[in-house]
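Engineer: This is the structure I want to talk about, given as structure tokens.
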Amino acid sequence: MEQTLFKDIYREIFPFWNELPHAEQEFICRHSHVMTYAKGTRIHDGNECSGVIFVHSGSLRLYMMSEDGKDITLYRLHKGDMCMLSASCVLQSITFDVFVDAEENSECYVISGPAFAEVSSRNPNIKIFALETAVSRFSDVMWAIQQILFMSMDKRLAIFLTDEAARTNSDTIVYTHEQIARYIGSAREVVSRMLKYFANEGIVEVSRGGIKILDKNRLRNLAL
């Protein structure tokens, strides 16, 4: 049953799928699994080849961590997104450690890293797809670094709140100050002070239920 499920999914998401021999398709499906992760679960710790992860539901966070335990969010993955950086045995040129956590209860389809690497070694189109998928995410990584290095705190926070409101189609952002700080590469105290300033200006309303955007136009102007 699962193999039929995977075939239908992979036919939609992998441009090389129909070019693969039937035996290779079967091999990939046999080494695929449906995985459920509770919120807060560490999925990939940077030291192993966890495999190719396709997000069916929920949300994952990819980040790097310093030796003293500080982390920086590189990007987040939502329904329909794919993670190739967790398959280090496929992309051996990726030499830095990336961590992946489930930031919500999530269901994912995971292809064994060694199995995917084995098939890609025999099929150049798979290797090309893996590299292109990884490279496409580096624009997100550079955007995160650009914000941290060159943008003011009020602009970074405004961009995050604006993007989240658009993604969830809601004026209420239900993340804690600690979570927001982690996403934008800051400290919780700094985020709290900036949210207090936004609240005093009538841009947002801060409560235990989350952050409600009151003035979208001013928030967008801050994000420009």
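Identifiers in the structure tokens: chain A, B, ... in order shown; residue index from 1 per chain; ligand index from 1 in order shown.
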Skipping near chain neighbours, those fewer than 3 positions away, what residues fall within 9 Å of Asn221 in chain A using only C-alpha atoms, listed as a ChimeraX atom specification?
Structural biologist: /A:155,158,216-218,224
Engineer: Please give the complete set of residues from range 134-197 of chain A that DSSP, run on the backbone, assigns to alpha helix (DSSP H), formatted as a PyMOL selection string.
Structural biologist: chain A and resi 134-150+153-168+177-184+188-197
Engineer: Each residue of range 49-94 of chain A with at least one atom at most 12 Å from range 187-199 of chain A should appear once, together with its nearest atom pair and the corresponding distance in Å (one decimal); atoms considered: only C-alpha atoms; ordering: chain, then increasing residue number; output as CSV.
Structural biologist:
```
residue,atom,partner,partner_atom,distance
A:Lys70,CA,A:Ala187,CA,10.1
A:Asp71,CA,A:Ala187,CA,10.8
A:Ile72,CA,A:Ala187,CA,11.0
```
Engineer: Could you pull out the residues in range 18-140 of chain A that DSSP calls strand (DSSP E) from the backbone, as a ChimeraX atom specification?
Structural biologist: /A:32-37,42-44,52-57,60-65,71-77,82-83,99-102,106-111
Engineer: Restricting it to N, CA and C atoms, dump the selection as a compact mmCIF listing (two decimals), in the first residue's frame.
Structural biologist:
```txt
# COMPACT_ATOMS: atom_id res chain seq x y z
N SER A 32 11.52 3.89 1.28
CA SER A 32 10.81 5.09 1.70
C SER A 32 9.89 4.76 2.87
N HIS A 33 9.69 5.73 3.73
CA HIS A 33 8.87 5.51 4.91
C HIS A 33 8.05 6.76 5.22
N VAL A 34 6.86 6.55 5.76
CA VAL A 34 6.08 7.65 6.30
C VAL A 34 6.50 7.83 7.75
N MET A 35 6.96 9.03 8.10
CA MET A 35 7.44 9.31 9.44
C MET A 35 6.62 10.44 10.06
N THR A 36 6.25 10.27 11.32
CA THR A 36 5.57 11.33 12.05
C THR A 36 6.50 11.83 13.15
N TYR A 37 6.59 13.15 13.28
CA TYR A 37 7.48 13.76 14.26
C TYR A 37 6.67 14.70 15.15
N ARG A 42 14.11 16.46 17.21
CA ARG A 42 15.29 16.64 16.37
C ARG A 42 15.26 15.55 15.30
N ILE A 43 15.16 15.94 14.04
CA ILE A 43 15.06 15.00 12.93
C ILE A 43 16.43 14.68 12.35
N HIS A 44 17.27 15.69 12.31
CA HIS A 44 18.61 15.53 11.72
C HIS A 44 19.59 16.33 12.54
N VAL A 52 16.39 11.95 2.30
CA VAL A 52 15.65 13.01 1.62
C VAL A 52 14.28 13.10 2.28
N ILE A 53 13.93 14.30 2.75
CA ILE A 53 12.70 14.49 3.52
C ILE A 53 11.73 15.34 2.71
N PHE A 54 10.52 14.83 2.54
CA PHE A 54 9.45 15.56 1.87
C PHE A 54 8.36 15.83 2.89
N VAL A 55 8.01 17.10 3.08
CA VAL A 55 7.04 17.48 4.10
C VAL A 55 5.62 17.32 3.57
N HIS A 56 4.88 16.40 4.17
CA HIS A 56 3.48 16.21 3.80
C HIS A 56 2.56 17.12 4.61
N SER A 57 2.89 17.31 5.88
CA SER A 57 2.13 18.23 6.73
C SER A 57 3.03 18.70 7.85
N LEU A 60 9.08 22.23 9.35
CA LEU A 60 10.41 21.91 9.83
C LEU A 60 11.28 23.16 9.80
N ARG A 61 12.25 23.21 10.71
CA ARG A 61 13.19 24.32 10.74
C ARG A 61 14.60 23.79 10.52
N LEU A 62 15.32 24.39 9.56
CA LEU A 62 16.72 24.06 9.31
C LEU A 62 17.59 25.16 9.89
N TYR A 63 18.64 24.77 10.61
CA TYR A 63 19.47 25.78 11.24
C TYR A 63 20.89 25.27 11.43
N MET A 64 21.79 26.20 11.68
CA MET A 64 23.16 25.90 12.03
C MET A 64 23.37 26.27 13.49
N MET A 65 24.31 25.58 14.14
CA MET A 65 24.54 25.82 15.56
C MET A 65 26.03 26.07 15.82
N ASP A 71 22.11 29.26 17.80
CA ASP A 71 21.75 28.78 16.47
C ASP A 71 21.20 29.91 15.61
N ILE A 72 21.24 29.67 14.31
CA ILE A 72 20.71 30.63 13.34
C ILE A 72 19.82 29.86 12.36
N THR A 73 18.60 30.32 12.22
CA THR A 73 17.66 29.68 11.30
C THR A 73 18.06 29.99 9.86
N LEU A 74 18.22 28.95 9.06
CA LEU A 74 18.54 29.13 7.64
C LEU A 74 17.28 29.30 6.83
N TYR A 75 16.33 28.41 7.02
CA TYR A 75 15.01 28.53 6.40
C TYR A 75 14.09 27.51 7.01
N ARG A 76 12.82 27.58 6.65
CA ARG A 76 11.81 26.66 7.17
C ARG A 76 11.13 25.96 6.01
N LEU A 77 10.67 24.76 6.26
CA LEU A 77 10.01 23.95 5.25
C LEU A 77 8.57 23.68 5.67
N MET A 82 10.79 20.13 0.14
CA MET A 82 11.69 19.00 0.22
C MET A 82 13.03 19.43 0.82
N CYS A 83 13.60 18.57 1.65
CA CYS A 83 14.91 18.85 2.26
C CYS A 83 15.94 17.88 1.70
N PHE A 99 21.14 21.25 11.06
CA PHE A 99 20.23 20.58 11.98
C PHE A 99 18.80 20.80 11.50
N VAL A 100 17.94 19.80 11.73
CA VAL A 100 16.54 19.90 11.33
C VAL A 100 15.67 19.50 12.51
N ASP A 101 14.75 20.39 12.90
CA ASP A 101 13.78 20.10 13.95
C ASP A 101 12.37 20.24 13.40
N ALA A 102 11.45 19.50 13.99
CA ALA A 102 10.03 19.68 13.69
C ALA A 102 9.52 20.82 14.57
N SER A 106 4.47 16.98 12.64
CA SER A 106 4.68 16.90 11.19
C SER A 106 4.65 15.46 10.71
N GLU A 107 4.16 15.29 9.49
CA GLU A 107 4.23 14.00 8.81
C GLU A 107 5.08 14.18 7.56
N CYS A 108 6.06 13.31 7.40
CA CYS A 108 7.00 13.45 6.29
C CYS A 108 7.19 12.11 5.59
N TYR A 109 7.53 12.19 4.31
CA TYR A 109 7.95 11.01 3.56
C TYR A 109 9.47 11.07 3.47
N VAL A 110 10.13 10.02 3.92
CA VAL A 110 11.59 10.02 3.99
C VAL A 110 12.16 8.89 3.15
N ILE A 111 13.05 9.25 2.23
CA ILE A 111 13.77 8.27 1.43
C ILE A 111 15.13 8.06 2.07
```
Engineer: Do you know which residues are at most 12 Å from Arg220 in chain A counting only C-alpha atoms, after dropping those on the same chain fewer than 3 positions away, and could you put them as an MDAnalysis selection string?
Structural biologist: chainID A and resid 154:163 165:166 203 213:217 223:224
